[in-house]
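Visitor: Structure in structure tokens, see below.
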Amino acid sequence: MTTFAHALRQSYLETPDRPAIYLQFSRQPDQKITCGDLVRGSAGYASALAGAGIQPGEVTVLILQHGEALVCAFFGAILHGAIPSIMPFLTEKLSPEKYREELAALIATTQPAAIVTYSEFEPEVRAAIHPDSSVRAVLLSSDIAPDPAPNFDLLNGLRRSPDDIVLLQHSSGTTGLQKGVALSHRAVFNQLDCYSEAIRLSEDDVIVSWLPLYHDMGLIAGFIMPVLSRVPLVLMSPFDWVRGPYRLMQAVSRYRGTLAWLPNFAYNFCAQKIRDRDLEGVDLSSWRAVINCSEPIHFKSHEMFRERFTPYGLRPEALATCYAMAENVFAVTQGGIESPVAVDRVDGRALLTERVARPVSDGGEVLTMVSCGRPLSNVRVRVLDDQRRDLPERHLGEIALQSDCMLTGYYHRDDATGQALHDGWYLTGDLGYIADGEAYVTGRKKELIIVGGKNVYPQDLERLAGDAPGVHPGRVVAFGVFNEEAGTEDVVVVAEADTDDPADRQRIAEEIRQRINRGSDVALRRVKVVGPKWMLKTSSGKPARLANRDKYLSEPDDA
């Protein structure tokens with residue numbers, strides 16, 4: 001068993017000139033970073049952390065945008081033996097005050113010793129650091145130069161144990177980062193070994209990604225796996241991709257990309273937004289797996305993607321699926337590599353009312369379920385009822401897993417760790433079933449909303465909406481409604497107000513939109529302001545989200 005630092009040193013010594021990463025930027029030439037460049041740049045950050053007195057095992061938070069600084073700072077922390085944790089950069093969607101609040105909360109929980117950022121962002125960072133904070137150093141990327149001749153004898157990372165924590169993954173939530181998932185070197189390498197086998201990864205592969213590195217899909221599949229496996233990575237900014245999704249197709253064509261991971265909404269987004277003129281000369285025949293991951297998978301999304309891009313060389317059998325989570329490093333299951341993705345046509349009413357996935361051929365309310373594949377060779381999956389008893393095949397319940405690549409724990413959150421683990425099994429909170437050895441995921445037990453691959457916690461939105469003038473205190477619910485056209489969920493907020501005036505209700509709805517758009521990463525569009533006694537409540541007097549969701553869907557949305 002080895003560590004990240006040993007793997008990086010081996011790459012530096014054996015294949016220093018091999019391309020590691022091609023960084024893509026809008027309206028700029030691509031930047032090639034070789035294995036040697038990566039280690040030299042990372043060693044510069046390791047030296048800077050050592051010079052600042054940061055000790056091995058201490059956390060370093062990285063607040064950097066897409067680029068060489070982020071890549072080298074991450075592996076530089078690891079070469080020093082520190083624990084990197086990537087935080088999303090402030091965007092125009094969040095107010096500086098809200099971002100500062102989230103950063104302060106992250107610092108309080110994670111207790112980092114250092115923060116790495118840009119000189120122009122330093123005032124924002126320091127504004128979030130309290131005088132009694134654990135942060136002892138704020139390092140600026142502009143002050144850090146590559147080490148032209150790394151001295152591996154001085155790198156503390158080479159003295160770390162495989163069971164030491166190597167990084168923190170944070171699940172990306174509504175208003176910031178949630179629980180920090182602590183992962184050991186051993187857990188990550190166990191995942192990479194088994195997942196590489198599942199996807200048949202080889203030195204001939206080329207991975208193309210636009211995924212953010214603070215999300216497990218981007219961090220592991222679209223960054224750590226290719227770098228440590230010495231598979232070339234073509235990496236672009238998620239913001240550039242959103243503005244021009246055609247860039248993904250052009251990159252696959254140019255570099256003969258073979259693998260990519262996308263959340264379900266991206267299949268719809270690419271199929272709908274990419275114009276023919278941006279696909280001139282594009283050849284997607286090298287793509288051997290386009291893997292749908294990170295949010296519920298929808299059959300129509302795959303069909304839209306296949307129909308749109310088959311004329312440009314996409315092979316239908318390249319459409320693949322995966323079920324993954326940070327608590328298992330990344331992948332739990334994988335499908336579509338050796339054979340086409342399995343599809344299960346079930347009775348939709350039986351699934352909803354009886355919690356049984358009963359196969360149907362025709363007639364009735366047919367629901368087409370797409371398999372997430374079979375568990376990796378080192379992963380065991382169970383489906384449990386509410387009493388945590390095993391359910392038979394095709395019965396809907398909570399998915400639990402056990403593997404040798406599970407989290408060490410939620411960092412500084414023993415309470416959350418204890419709630420998630422039961423007799424050595426991780427309780428995912430996801431609902432699904434097993435059929436013929438294939439895993440099917442249907443939704444979230446805890447009412448989590450997933451929008452564009454991002455976890456949205458309804459309680460966060462409800463708190464923001466509840467502060468709007470005119471909203472009856474405690475009478476707000478947020479939930480998700482799947483949008484067929486977008487291929488992901490729309491967030492809906494329903495709020496009670498003590499007024500029947502349509503103009504007043506419209507004003508309250510607009511205020512709710514503005515508060516949520518400013519205070520979260522959600523662009524809220526669907527708001528319904530209702531009168532007193534509209535909202536259904538639980539026996540304890542709280543608004544019942546699922547019941548109110550059903551009521552909302554049964555009535556016209558006139559707000």
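Scheme for the structure tokens: letters A, B, ... for chains in order shown; per-chain residue numbers from 1; ligand numbers from 1 in order shown.
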I'd like a table as a tab-separated table: residues in stretch 248-321 of chain A with an atom no more than 10 Å from stretch 194-204 of chain A, each row giving the shortest atom pair and its distance in Å to one decimal, only C-alpha atoms counted, sorted by chain and rising residue number.

Guide:
residue	atom	partner	partner_atom	distance
A:Gly257	CA	A:Asp204	CA	9.8
A:Thr258	CA	A:Asp204	CA	8.6
A:Leu259	CA	A:Leu201	CA	9.1
A:Arg288	CA	A:Ile199	CA	9.9
A:Ala289	CA	A:Ile199	CA	8.4
A:Ile291	CA	A:Ile199	CA	9.9
A:Ala320	CA	A:Ile199	CA	9.8

Visitor: Near stretch 295-306 of chain A, within 6 Å and counting only C-alpha atoms, which residues show up once chain neighbours fewer than 3 positions away are dropped, as a ChimeraX atom specification?

Guide: /A:264,267-268,271,309-310,453

Visitor: What does the file look like for those residues with N, CA, C and O atoms, as a PDB file, in the first residue's frame?

Guide:
ATOM      1  N   ASN A 264     -27.167  14.099 -14.637  1.00  0.00           N
ATOM      2  CA  ASN A 264     -28.259  13.874 -15.584  1.00  0.00           C
ATOM      3  C   ASN A 264     -28.666  15.141 -16.324  1.00  0.00           C
ATOM      4  O   ASN A 264     -28.930  15.117 -17.531  1.00  0.00           O
ATOM      5  N   TYR A 267     -27.071  16.019 -19.761  1.00  0.00           N
ATOM      6  CA  TYR A 267     -27.486  15.342 -20.996  1.00  0.00           C
ATOM      7  C   TYR A 267     -28.550  16.184 -21.708  1.00  0.00           C
ATOM      8  O   TYR A 267     -28.484  16.393 -22.921  1.00  0.00           O
ATOM      9  N   ASN A 268     -29.529  16.653 -20.938  1.00  0.00           N
ATOM     10  CA  ASN A 268     -30.552  17.526 -21.513  1.00  0.00           C
ATOM     11  C   ASN A 268     -29.950  18.849 -21.977  1.00  0.00           C
ATOM     12  O   ASN A 268     -30.253  19.340 -23.068  1.00  0.00           O
ATOM     13  N   ALA A 271     -27.945  18.481 -25.190  1.00  0.00           N
ATOM     14  CA  ALA A 271     -28.804  18.164 -26.325  1.00  0.00           C
ATOM     15  C   ALA A 271     -29.607  19.376 -26.780  1.00  0.00           C
ATOM     16  O   ALA A 271     -29.864  19.558 -27.974  1.00  0.00           O
ATOM     17  N   PHE A 309     -26.466  13.447 -30.633  1.00  0.00           N
ATOM     18  CA  PHE A 309     -25.035  13.362 -30.940  1.00  0.00           C
ATOM     19  C   PHE A 309     -24.612  12.110 -31.705  1.00  0.00           C
ATOM     20  O   PHE A 309     -23.455  12.000 -32.099  1.00  0.00           O
ATOM     21  N   THR A 310     -25.534  11.195 -31.970  1.00  0.00           N
ATOM     22  CA  THR A 310     -25.194  10.045 -32.817  1.00  0.00           C
ATOM     23  C   THR A 310     -24.710  10.481 -34.199  1.00  0.00           C
ATOM     24  O   THR A 310     -23.756   9.894 -34.740  1.00  0.00           O
ATOM     25  N   GLY A 453     -27.052  18.328 -10.247  1.00  0.00           N
ATOM     26  CA  GLY A 453     -25.980  17.642  -9.541  1.00  0.00           C
ATOM     27  C   GLY A 453     -25.646  18.235  -8.186  1.00  0.00           C
ATOM     28  O   GLY A 453     -24.779  17.728  -7.490  1.00  0.00           O
TER      29      GLY A 453
END

Visitor: Excluding A:Asp430 and residues on its chain fewer than 2 positions from it, collect all residues at most 9 Å away from it, counting only C-alpha atoms, and give them as a PyMOL selection string.

Guide: chain A and resi 397-400+427-428+432+441-446

Visitor: Find the residues near stretch 130-147 of chain A: any atom within 7 Å, counting only C-alpha atoms, skip ones fewer than 6 places away on the same chain, and give them as an mmCIF file with all heavy atoms, in the first residue's frame.

Guide:
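Resulting contents of selection37.cif:
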data_model
loop_
_atom_site.group_PDB
_atom_site.id
_atom_site.type_symbol
_atom_site.label_atom_id
_atom_site.label_comp_id
_atom_site.auth_asym_id
_atom_site.auth_seq_id
_atom_site.Cartn_x
_atom_site.Cartn_y
_atom_site.Cartn_z
ATOM 1 N N ARG A 40 6.695 19.698 -9.601
ATOM 2 C CA ARG A 40 7.498 20.897 -9.294
ATOM 3 C C ARG A 40 6.598 22.024 -8.761
ATOM 4 O O ARG A 40 6.943 22.699 -7.783
ATOM 5 C CB ARG A 40 8.259 21.346 -10.542
ATOM 6 C CG ARG A 40 9.479 20.472 -10.855
ATOM 7 C CD ARG A 40 10.294 21.054 -11.992
ATOM 8 N NE ARG A 40 9.614 20.905 -13.272
ATOM 9 C CZ ARG A 40 9.756 19.870 -14.101
ATOM 10 N NH1 ARG A 40 10.585 18.879 -13.760
ATOM 11 N NH2 ARG A 40 9.108 19.817 -15.245
ATOM 12 N N GLY A 41 5.454 22.217 -9.401
ATOM 13 C CA GLY A 41 4.533 23.236 -8.927
ATOM 14 C C GLY A 41 3.976 22.907 -7.557
ATOM 15 O O GLY A 41 3.857 23.776 -6.684
ATOM 16 N N SER A 42 3.646 21.641 -7.334
ATOM 17 C CA SER A 42 3.108 21.213 -6.040
ATOM 18 C C SER A 42 4.156 21.327 -4.946
ATOM 19 O O SER A 42 3.846 21.707 -3.809
ATOM 20 C CB SER A 42 2.597 19.771 -6.152
ATOM 21 O OG SER A 42 1.588 19.660 -7.134
ATOM 22 N N ALA A 43 5.395 21.012 -5.283
ATOM 23 C CA ALA A 43 6.474 21.106 -4.287
ATOM 24 C C ALA A 43 6.663 22.550 -3.829
ATOM 25 O O ALA A 43 7.036 22.799 -2.671
ATOM 26 C CB ALA A 43 7.769 20.559 -4.872
ATOM 27 N N GLY A 44 6.411 23.518 -4.715
ATOM 28 C CA GLY A 44 6.484 24.913 -4.311
ATOM 29 C C GLY A 44 5.461 25.241 -3.229
ATOM 30 O O GLY A 44 5.772 25.946 -2.255
ATOM 31 N N TYR A 45 4.261 24.720 -3.365
ATOM 32 C CA TYR A 45 3.230 24.940 -2.340
ATOM 33 C C TYR A 45 3.577 24.192 -1.054
ATOM 34 O O TYR A 45 3.322 24.686 0.057
ATOM 35 C CB TYR A 45 1.863 24.505 -2.861
ATOM 36 C CG TYR A 45 1.223 25.552 -3.737
ATOM 37 C CD1 TYR A 45 1.467 25.579 -5.105
ATOM 38 C CD2 TYR A 45 0.396 26.525 -3.194
ATOM 39 C CE1 TYR A 45 0.905 26.553 -5.921
ATOM 40 C CE2 TYR A 45 -0.183 27.502 -3.995
ATOM 41 C CZ TYR A 45 0.074 27.517 -5.357
ATOM 42 O OH TYR A 45 -0.485 28.488 -6.151
ATOM 43 N N ALA A 48 5.990 26.289 0.775
ATOM 44 C CA ALA A 48 5.348 27.465 1.354
ATOM 45 C C ALA A 48 4.583 27.106 2.629
ATOM 46 O O ALA A 48 4.617 27.853 3.616
ATOM 47 C CB ALA A 48 4.402 28.093 0.334
ATOM 48 N N ALA A 52 5.395 28.350 6.497
ATOM 49 C CA ALA A 52 4.381 29.033 7.309
ATOM 50 C C ALA A 52 4.113 28.305 8.621
ATOM 51 O O ALA A 52 3.268 28.743 9.400
ATOM 52 C CB ALA A 52 3.092 29.162 6.508
ATOM 53 N N ALA A 69 -2.960 27.039 -10.264
ATOM 54 C CA ALA A 69 -2.778 27.258 -8.832
ATOM 55 C C ALA A 69 -3.596 26.261 -8.019
ATOM 56 O O ALA A 69 -3.097 25.685 -7.039
ATOM 57 C CB ALA A 69 -3.166 28.690 -8.463
ATOM 58 N N GLN A 111 -11.649 23.770 11.312
ATOM 59 C CA GLN A 111 -10.485 24.251 12.047
ATOM 60 C C GLN A 111 -9.193 24.133 11.228
ATOM 61 O O GLN A 111 -8.224 23.491 11.647
ATOM 62 C CB GLN A 111 -10.347 23.495 13.367
ATOM 63 C CG GLN A 111 -11.537 23.687 14.303
ATOM 64 C CD GLN A 111 -11.455 22.840 15.555
ATOM 65 O OE1 GLN A 111 -10.361 22.485 15.984
ATOM 66 N NE2 GLN A 111 -12.593 22.514 16.128
ATOM 67 N N PRO A 112 -9.160 24.742 10.048
ATOM 68 C CA PRO A 112 -7.950 24.683 9.224
ATOM 69 C C PRO A 112 -6.823 25.511 9.822
ATOM 70 O O PRO A 112 -7.058 26.484 10.552
ATOM 71 C CB PRO A 112 -8.403 25.264 7.891
ATOM 72 C CG PRO A 112 -9.492 26.216 8.273
ATOM 73 C CD PRO A 112 -10.203 25.565 9.434
ATOM 74 N N ALA A 113 -5.603 25.122 9.489
ATOM 75 C CA ALA A 113 -4.446 25.895 9.924
ATOM 76 C C ALA A 113 -4.060 26.944 8.897
ATOM 77 O O ALA A 113 -3.421 27.942 9.228
ATOM 78 C CB ALA A 113 -3.263 24.961 10.173
ATOM 79 N N ALA A 114 -4.439 26.717 7.634
ATOM 80 C CA ALA A 114 -4.044 27.641 6.565
ATOM 81 C C ALA A 114 -5.136 27.741 5.521
ATOM 82 O O ALA A 114 -5.947 26.818 5.352
ATOM 83 C CB ALA A 114 -2.736 27.185 5.917
ATOM 84 N N ILE A 115 -5.129 28.869 4.819
ATOM 85 C CA ILE A 115 -6.008 29.086 3.671
ATOM 86 C C ILE A 115 -5.138 29.579 2.526
ATOM 87 O O ILE A 115 -4.295 30.456 2.713
ATOM 88 C CB ILE A 115 -7.114 30.103 3.978
ATOM 89 C CG1 ILE A 115 -8.045 29.568 5.077
ATOM 90 C CG2 ILE A 115 -7.920 30.432 2.726
ATOM 91 C CD1 ILE A 115 -9.122 30.549 5.505
ATOM 92 N N VAL A 116 -5.333 29.012 1.349
ATOM 93 C CA VAL A 116 -4.612 29.453 0.153
ATOM 94 C C VAL A 116 -5.609 30.119 -0.780
ATOM 95 O O VAL A 116 -6.664 29.549 -1.093
ATOM 96 C CB VAL A 116 -3.928 28.270 -0.559
ATOM 97 C CG1 VAL A 116 -3.159 28.773 -1.786
ATOM 98 C CG2 VAL A 116 -2.992 27.530 0.382
ATOM 99 N N THR A 117 -5.301 31.339 -1.226
ATOM 100 C CA THR A 117 -6.204 32.064 -2.107
ATOM 101 C C THR A 117 -5.411 33.061 -2.947
ATOM 102 O O THR A 117 -4.176 33.019 -2.980
ATOM 103 C CB THR A 117 -7.315 32.768 -1.294
ATOM 104 O OG1 THR A 117 -8.310 33.256 -2.198
ATOM 105 C CG2 THR A 117 -6.758 33.908 -0.451
ATOM 106 N N TYR A 118 -6.113 33.970 -3.612
ATOM 107 C CA TYR A 118 -5.488 35.003 -4.436
ATOM 108 C C TYR A 118 -5.301 36.279 -3.627
ATOM 109 O O TYR A 118 -6.049 36.539 -2.677
ATOM 110 C CB TYR A 118 -6.340 35.306 -5.663
ATOM 111 C CG TYR A 118 -6.669 34.121 -6.519
ATOM 112 C CD1 TYR A 118 -7.975 33.640 -6.619
ATOM 113 C CD2 TYR A 118 -5.677 33.464 -7.242
ATOM 114 C CE1 TYR A 118 -8.285 32.557 -7.414
ATOM 115 C CE2 TYR A 118 -5.974 32.369 -8.039
ATOM 116 C CZ TYR A 118 -7.286 31.915 -8.117
ATOM 117 O OH TYR A 118 -7.579 30.831 -8.896
ATOM 118 N N SER A 119 -4.359 37.110 -4.028
ATOM 119 C CA SER A 119 -4.116 38.356 -3.307
ATOM 120 C C SER A 119 -5.350 39.256 -3.326
ATOM 121 O O SER A 119 -5.677 39.896 -2.321
ATOM 122 C CB SER A 119 -2.913 39.098 -3.917
ATOM 123 O OG SER A 119 -3.119 39.325 -5.308
#

Visitor: Go through A:Leu233, A:Leu158, A:Leu351, A:Leu391 one by one, measure the shortest atom-to-atom distance of each to A:Arg18 using only C-alpha atoms, and give the residue with the smallest value.

Guide: A:Leu233

Visitor: Name all residues at most 8 Å from A:Arg345 (count only C-alpha atoms; drop same-chain ones fewer than 6 positions away) and give them as a PyMOL selection string.

Guide: chain A and resi 359-361+366-369

Visitor: Just N, CA and C atoms for this one: save the residues we selected as a PDB file, in the first residue's frame.

Guide:
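This is the output file selection.pdb:
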ATOM      1  N   PRO A 359     -42.455  -5.528 -12.598  1.00  0.00           N
ATOM      2  CA  PRO A 359     -42.248  -5.382 -14.041  1.00  0.00           C
ATOM      3  C   PRO A 359     -43.571  -5.398 -14.805  1.00  0.00           C
ATOM      4  N   VAL A 360     -43.662  -4.568 -15.827  1.00  0.00           N
ATOM      5  CA  VAL A 360     -44.816  -4.558 -16.717  1.00  0.00           C
ATOM      6  C   VAL A 360     -44.312  -4.470 -18.149  1.00  0.00           C
ATOM      7  N   SER A 361     -45.109  -4.988 -19.074  1.00  0.00           N
ATOM      8  CA  SER A 361     -44.727  -4.925 -20.484  1.00  0.00           C
ATOM      9  C   SER A 361     -45.504  -3.839 -21.214  1.00  0.00           C
ATOM     10  N   VAL A 366     -46.644   3.006 -16.777  1.00  0.00           N
ATOM     11  CA  VAL A 366     -45.316   2.420 -16.930  1.00  0.00           C
ATOM     12  C   VAL A 366     -44.252   3.459 -16.578  1.00  0.00           C
ATOM     13  N   LEU A 367     -43.340   3.071 -15.716  1.00  0.00           N
ATOM     14  CA  LEU A 367     -42.212   3.922 -15.344  1.00  0.00           C
ATOM     15  C   LEU A 367     -40.935   3.225 -15.810  1.00  0.00           C
ATOM     16  N   THR A 368     -40.169   3.902 -16.653  1.00  0.00           N
ATOM     17  CA  THR A 368     -38.927   3.324 -17.172  1.00  0.00           C
ATOM     18  C   THR A 368     -37.781   3.709 -16.262  1.00  0.00           C
ATOM     19  N   MET A 369     -37.239   2.723 -15.549  1.00  0.00           N
ATOM     20  CA  MET A 369     -36.125   2.943 -14.631  1.00  0.00           C
ATOM     21  C   MET A 369     -34.818   2.562 -15.306  1.00  0.00           C
TER      22      MET A 369
END

Visitor: Running DSSP on the backbone, which parts of stretch 167-268 of chain A land in helix (DSSP H, G or I), as a PyMOL selection string?

Guide: chain A and resi 185-198+216-229+238-243+246-255+264-268

Visitor: Taking 6 positions as the minimum chain separation for residues in the same chain, which residues sit within 7 Å of A:Gly157 when counting only C-alpha atoms? Answer as number ranges by chain.

Guide: A: 5, 78-81

Visitor: Identify, on the basis of only C-alpha atoms, every residue whose closest approach to A:Cys322 does not exceed 12 Å; exclude the query and any residue fewer than 6 positions from it along the same chain; express the result as a compact mmCIF listing (two decimals) with C-alpha atoms, in the first residue's frame.

Guide:
# COMPACT_ATOMS: atom_id res chain seq x y z
CA TYR A 195 -13.22 1.50 -10.05
CA ALA A 198 -14.89 -1.61 -13.40
CA ILE A 199 -14.46 0.98 -16.16
CA MET A 217 -17.47 13.33 -9.08
CA ALA A 221 -13.20 10.76 -11.35
CA ALA A 260 -16.43 11.61 -19.15
CA TRP A 261 -18.83 11.88 -16.22
CA LEU A 262 -21.96 14.05 -16.36
CA PRO A 263 -24.89 14.69 -14.02
CA ASN A 264 -28.26 13.87 -15.58
CA ALA A 289 -18.18 5.81 -21.89
CA VAL A 290 -20.25 8.89 -21.06
CA ILE A 291 -21.21 8.11 -17.48
CA ASN A 292 -24.40 9.51 -15.93
CA CYS A 293 -23.83 10.13 -12.24
CA SER A 294 -24.63 12.32 -9.19
CA GLU A 295 -28.41 12.72 -9.55
CA PRO A 296 -31.33 10.41 -10.42
CA ILE A 297 -30.94 9.01 -13.93
CA PHE A 330 -16.84 7.97 -5.21
CA ALA A 331 -18.41 5.03 -7.06
CA VAL A 332 -20.69 2.44 -5.47
CA THR A 333 -21.92 0.86 -8.71
CA GLN A 334 -21.06 1.00 -12.41
CA GLY A 335 -23.05 0.00 -15.47
CA GLY A 336 -22.80 0.16 -19.23
CA ILE A 337 -19.14 -0.75 -19.70
CA VAL A 341 -27.18 -0.17 -19.45
CA ALA A 342 -30.09 -2.23 -18.10
CA VAL A 370 -32.47 3.13 -15.66
CA SER A 371 -30.02 0.90 -13.79
CA CYS A 372 -27.04 2.42 -12.01
CA GLY A 373 -25.16 -0.83 -12.63
CA ARG A 374 -23.75 -3.49 -10.35
CA PRO A 375 -21.76 -2.87 -7.16
CA LEU A 376 -18.00 -2.60 -7.51
CA GLU A 438 -28.58 -4.25 -10.74
CA ALA A 439 -29.12 -1.24 -8.47
CA TYR A 440 -31.92 1.24 -9.22
CA VAL A 441 -32.06 4.54 -7.31

Visitor: Report the closest atom pair, with its distance in Å rounded to one decimal, for each residue of stretch 380-458 of chain A that has an atom no farther than 8 Å from stretch 466-481 of chain A; count only C-alpha atoms, sort by chain and then rising residue number, and write it as a tab-separated table.

Guide:
residue	atom	partner	partner_atom	distance
A:Glu447	CA	A:Phe479	CA	7.4
A:Ile449	CA	A:Gly480	CA	5.4
A:Ile450	CA	A:Gly480	CA	7.6
A:Pro458	CA	A:Ala478	CA	5.1

Visitor: Nearest to A:Asn548 among A:Val252, A:Val492, A:Cys72, A:Val125, with distances taken over only C-alpha atoms: which residue is it?

Guide: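 Using only C-alpha atoms, the shortest distance to A:Asn548 belongs to A:Val492.
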
Visitor: Considering only C-alpha atoms, state which residue in the set A:Gly36, A:Pro29, A:Gly222, A:Gly452 is at the smallest distance from A:Phe265.

Guide: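 Of A:Gly36, A:Pro29, A:Gly222, A:Gly452, the one nearest A:Phe265, counting only C-alpha atoms, is A:Gly452.
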
Visitor: Atom CA of A:Asp386 and atom CA of A:Glu365 are how many Å apart?

Guide: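 Interatomic distance, atom CA of A:Asp386 to atom CA of A:Glu365: 26.3 Å.
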
Visitor: Hey, can you check how far atom CA of A:Ser253 sits from atom CA of A:Leu284?

Guide: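 Calculated distance between atom CA of A:Ser253 and atom CA of A:Leu284 is 5.6 Å.
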
Visitor: Would you mind telling me which residue in A:Tyr411, A:Met406, A:Pro238, A:Arg358 lies nearest to A:Ile107 when using only C-alpha atoms?

Guide: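 Using only C-alpha atoms, A:Ile107 sits closest to A:Tyr411.
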